[in-house]
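Report on the structure given below.
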There are 2 protein chains.
Amino acid sequence: MASLRLDDQLCFGLYSASRAVTSLYRVVLDDLGLTYPQYLVMLALWERDDRLVKELGAELNLDSGTLSPLLKRLETTGMVKRTRQADDERSVRISLTASGEALRAKAAGIPDVIGAAMSLDEAGIARMRGELDRLTESVNAYREALSPA
Amino acid sequence: MASLRLDDQLCFGLYSASRAVTSLYRVVLDDLGLTYPQYLVMLALWERDDRLVKELGAELNLDSGTLSPLLKRLETTGMVKRTRQADDERSVRISLTASGEALRAKAAGIPDVIGAAMSLDEAGIARMRGELDRLTESVNAYREALSPA
DNA sequence: CGCAACTCAGTTGTACACAACTTAATTGGA
DNA sequence: TCCAATTAAGTTGTGTACAACTGAGTTGCG
């Protein structure tokens, strides 16, 4: 029988931790002119360039309502290019510009800074990441059962 | 030497888990007419009523830029009352209305629903909560060292 | 006392999230 | 073949987050 006490709740811990990490990213990413969600898109593109909006959405779990304006901003700041697909005019392909590719070097040190801030060793990070992934999957499955897409 | 690979990053796990939990709350709280941050404010008030905006902000780590409009919405929906403090006209005291107090009964079952969705036992929840709290504190300390308030 | 420094809440502007909707393009089955 | 259903991206509207600022009120120190 769980209580309504704020302190007890894992959810509030999750919410606080997520906001704390984002606010550290805000400081670190200021240099690169990126927000945290924009950085996530850049990470995805650095890993594999030339992606459809749909693919980015699947990888980051973001819908077009979030991605469309975010990608427009990344285009405005010269990080990515948008090209309507020739063989399917509904699709838009996102690719890195030279500036976007170049930004990768400036970002190279970020994971270590974030890692240092967490004061967790590699094993601790991997373990927690695993726990969070299981939690996400479990919660998403439960939600979909409650309220089917 | 951490990599720029999205999969490796604890931060993305945290971000995903936090959004998954919030989206489950969205389904569960729909009945009560609350958003998740509004629910957090109600939890704080159910625990202790008659709080200054400043106190709520300290407990939830939210500034007035977030709280002021949120509290205005809770006032509009009849959950809380705002009273300017007589002995210090700068302060505003937030108190539950009868409806706001009554909502507590409807919320009583929520923690168990969320707990069930997480498929973690009580010990697992407590442990993870502890790890997240340590992470939050560590990250916040690091950020404040980088960029003093 | 007088007033500069500070405090509290609120406002403004930017950027997510996300539901609900729109538009245009594609697909698949009768 | 034709057209209803589906799909992709974008738009609209609401509600956080948060930085930067405003304005009113309070405090403390010379």
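By convention here, the chains of the structure tokens are called A, B, ... in the order presented, each chain's residues are numbered starting at 1, and ligands are numbered starting at 1 in the order presented.
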Write out as a tab-separated table the residues of chain B that have any atom within 12 Å of an atom of chain D, one row each with the nearest atom pair and its distance in Å to one decimal, counting only C-alpha atoms (C1' of nucleotides), sorted by chain and then rising number.
residue	atom	partner	partner_atom	distance
B:Thr22	CA	D:DT16	C1'	11.8
B:Leu34	CA	D:DG15	C1'	10.8
B:Thr35	CA	D:DG15	C1'	8.2
B:Tyr36	CA	D:DT16	C1'	9.5
B:Pro37	CA	D:DT16	C1'	7.8
B:Gln38	CA	D:DT16	C1'	9.8
B:Asn61	CA	D:DA17	C1'	10.8
B:Leu62	CA	D:DA17	C1'	8.3
B:Asp63	CA	D:DC18	C1'	8.0
B:Ser64	CA	D:DC18	C1'	9.7
B:Gly65	CA	D:DC18	C1'	7.2
B:Thr66	CA	D:DA17	C1'	6.4
B:Leu67	CA	D:DT16	C1'	9.5
B:Ser68	CA	D:DT16	C1'	11.5
B:Pro69	CA	D:DG15	C1'	9.4
B:Leu70	CA	D:DG15	C1'	8.3
B:Leu71	CA	D:DG15	C1'	12.0
B:Arg73	CA	D:DG15	C1'	9.8
B:Arg84	CA	D:DG25	C1'	11.9
B:Gln85	CA	D:DG25	C1'	11.4
B:Ala86	CA	D:DG25	C1'	11.5
B:Asp87	CA	D:DT26	C1'	10.3
B:Asp88	CA	D:DG25	C1'	7.4
B:Glu89	CA	D:DG25	C1'	6.2
B:Arg90	CA	D:DG25	C1'	5.6
B:Ser91	CA	D:DG25	C1'	9.3
B:Ala149	CA	D:DA19	C1'	11.9
Counting only C-alpha atoms (C1' of nucleotides), what is within 10 Å of Ala126 (chain B), bar same-chain residues fewer than 6 positions away, as a list of chain:residue names? A:Asp8, A:Gln9, A:Leu10, B:Leu120, B:Leu132
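Here CA of Leu4 (chain B) is placed at a distance of 6.6 Å from CA of Pro111 (chain A).
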Return the neighbours of chain A among the residues of chain B, cut-off 8 Å, counting only C-alpha atoms, as a PyMOL selection string. chain B and resi 1-6+8-11+13-18+20-21+23-24+27+40+43-44+47+61+108+111-112+115+117-119+125-126+128-129+132-133+135-136+138-140+142-143+146-147
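Taking CA of Gly33 (chain A) and CA of Lys72 (chain A) as endpoints, the distance between them is 14.5 Å.
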Taking the DSSP assignment computed from this structure's backbone, write out as a PyMOL selection string all residues of chain A that belong to helix (DSSP H, G or I). chain A and resi 6-8+10-32+36-47+53-60+64-76+98-107+110-118+122-146
Go ahead and save the picked residues with C-alpha atoms, as a CSV table (one decimal), in the first residue's frame.
chain,number,residue,atom,x,y,z
A,6,LEU,CA,6.1,13.0,-2.0
A,7,ASP,CA,9.3,11.7,-0.5
A,8,ASP,CA,8.4,8.1,-1.0
A,10,LEU,CA,10.3,7.0,-7.2
A,11,CYS,CA,8.6,9.1,-9.9
A,12,PHE,CA,9.6,12.4,-8.2
A,13,GLY,CA,13.1,11.1,-7.9
A,14,LEU,CA,13.1,10.3,-11.6
A,15,TYR,CA,11.6,13.7,-12.5
A,16,SER,CA,14.2,15.5,-10.3
A,17,ALA,CA,17.1,13.5,-11.7
A,18,SER,CA,16.0,14.1,-15.2
A,19,ARG,CA,15.7,17.9,-14.7
A,20,ALA,CA,19.1,18.0,-12.9
A,21,VAL,CA,20.8,16.3,-15.8
A,22,THR,CA,19.1,18.5,-18.3
A,23,SER,CA,20.2,21.6,-16.4
A,24,LEU,CA,23.8,20.4,-16.4
A,25,TYR,CA,23.5,19.8,-20.2
A,26,ARG,CA,22.2,23.3,-20.5
A,27,VAL,CA,25.5,24.6,-19.1
A,28,VAL,CA,27.7,22.3,-21.1
A,29,LEU,CA,25.8,22.7,-24.4
A,30,ASP,CA,25.6,26.4,-24.2
A,31,ASP,CA,29.0,26.5,-26.1
A,32,LEU,CA,27.6,24.5,-28.9
A,36,TYR,CA,19.5,18.9,-24.9
A,37,PRO,CA,16.8,17.5,-27.2
A,38,GLN,CA,18.7,19.1,-30.2
A,39,TYR,CA,21.8,17.4,-28.9
A,40,LEU,CA,20.0,14.1,-28.9
A,41,VAL,CA,19.1,14.6,-32.6
A,42,MET,CA,22.7,15.5,-33.4
A,43,LEU,CA,23.9,12.3,-31.6
A,44,ALA,CA,21.6,10.2,-33.7
A,45,LEU,CA,22.8,11.9,-36.9
A,46,TRP,CA,26.5,11.7,-35.9
A,47,GLU,CA,25.9,8.0,-35.5
A,53,VAL,CA,12.1,12.4,-39.6
A,54,LYS,CA,10.1,9.2,-38.9
A,55,GLU,CA,13.3,7.3,-38.1
A,56,LEU,CA,14.6,10.0,-35.8
A,57,GLY,CA,11.2,10.0,-34.1
A,58,ALA,CA,11.3,6.2,-33.6
A,59,GLU,CA,14.8,6.3,-32.1
A,60,LEU,CA,14.1,9.2,-29.7
A,64,SER,CA,6.4,15.2,-35.4
A,65,GLY,CA,4.8,17.7,-33.1
A,66,THR,CA,8.1,18.0,-31.2
A,67,LEU,CA,10.5,17.1,-34.0
A,68,SER,CA,9.2,19.3,-36.8
A,69,PRO,CA,9.8,22.7,-35.1
A,70,LEU,CA,13.1,21.4,-33.4
A,71,LEU,CA,14.5,20.3,-36.9
A,72,LYS,CA,13.4,23.7,-38.3
A,73,ARG,CA,15.5,25.4,-35.6
A,74,LEU,CA,18.5,23.1,-36.3
A,75,GLU,CA,18.1,24.1,-40.0
A,76,THR,CA,17.9,27.8,-39.1
A,98,ALA,CA,29.4,20.8,-42.8
A,99,SER,CA,28.9,22.8,-39.6
A,100,GLY,CA,26.8,20.1,-38.1
A,101,GLU,CA,29.4,17.5,-38.9
A,102,ALA,CA,32.1,19.8,-37.5
A,103,LEU,CA,30.3,20.3,-34.3
A,104,ARG,CA,31.0,16.6,-33.5
A,105,ALA,CA,34.6,17.4,-32.6
A,106,LYS,CA,33.4,20.1,-30.1
A,107,ALA,CA,31.0,17.6,-28.6
A,110,ILE,CA,30.8,16.1,-23.3
A,111,PRO,CA,30.1,12.4,-22.3
A,112,ASP,CA,33.1,12.4,-20.0
A,113,VAL,CA,32.0,15.7,-18.4
A,114,ILE,CA,28.6,14.3,-17.8
A,115,GLY,CA,30.1,11.0,-16.6
A,116,ALA,CA,32.3,12.8,-14.1
A,117,ALA,CA,29.3,14.8,-12.8
A,118,MET,CA,27.4,11.6,-12.0
A,122,GLU,CA,31.3,2.6,-15.7
A,123,ALA,CA,29.7,-0.5,-14.1
A,124,GLY,CA,27.3,1.7,-12.0
A,125,ILE,CA,26.3,3.6,-15.1
A,126,ALA,CA,25.6,0.4,-17.1
A,127,ARG,CA,23.6,-1.1,-14.2
A,128,MET,CA,21.5,2.0,-13.7
A,129,ARG,CA,21.0,2.3,-17.4
A,130,GLY,CA,19.7,-1.3,-17.5
A,131,GLU,CA,17.3,-0.6,-14.6
A,132,LEU,CA,16.0,2.5,-16.2
A,133,ASP,CA,15.4,0.7,-19.5
A,134,ARG,CA,13.5,-2.1,-17.8
A,135,LEU,CA,11.5,0.5,-15.9
A,136,THR,CA,10.7,2.4,-19.1
A,137,GLU,CA,9.6,-0.8,-20.9
A,138,SER,CA,7.5,-1.9,-18.0
A,139,VAL,CA,5.8,1.4,-17.6
A,140,ASN,CA,5.1,1.8,-21.3
A,141,ALA,CA,3.7,-1.7,-21.5
A,142,TYR,CA,1.4,-0.9,-18.6
A,143,ARG,CA,0.3,2.4,-20.1
A,144,GLU,CA,-0.5,0.8,-23.4
A,145,ALA,CA,-2.6,-1.8,-21.7
A,146,LEU,CA,-4.5,0.9,-19.8
Quick check: residues of chain C within 10 Å of chain B, only C-alpha atoms (C1' of nucleotides), returned as an MDAnalysis selection string. chainID C and resid 7:12 17:18
Generate the output file for the selected residues, C-alpha atoms (C1' of nucleotides), as a tab-separated table (two decimals), in the first residue's frame.
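Saved as out_20.tsv:
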chain	number	residue	atom	x	y	z
C	7	DT	C1'	13.23	39.16	-1.51
C	8	DC	C1'	8.93	37.35	-3.40
C	9	DA	C1'	5.77	36.66	-6.90
C	10	DG	C1'	4.67	37.48	-11.34
C	11	DT	C1'	5.66	38.40	-16.53
C	12	DT	C1'	7.97	37.69	-20.96
C	17	DA	C1'	6.25	17.53	-25.12
C	18	DC	C1'	2.17	15.94	-26.69
Residues of region 24-140 of chain A in strand (DSSP E or B), written as a PyMOL selection string: chain A and resi 51-52+80-84+92-96
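A straight line drawn from C1' of DG28 (chain C) to CA of Pro148 (chain A) is 25.3 Å long.
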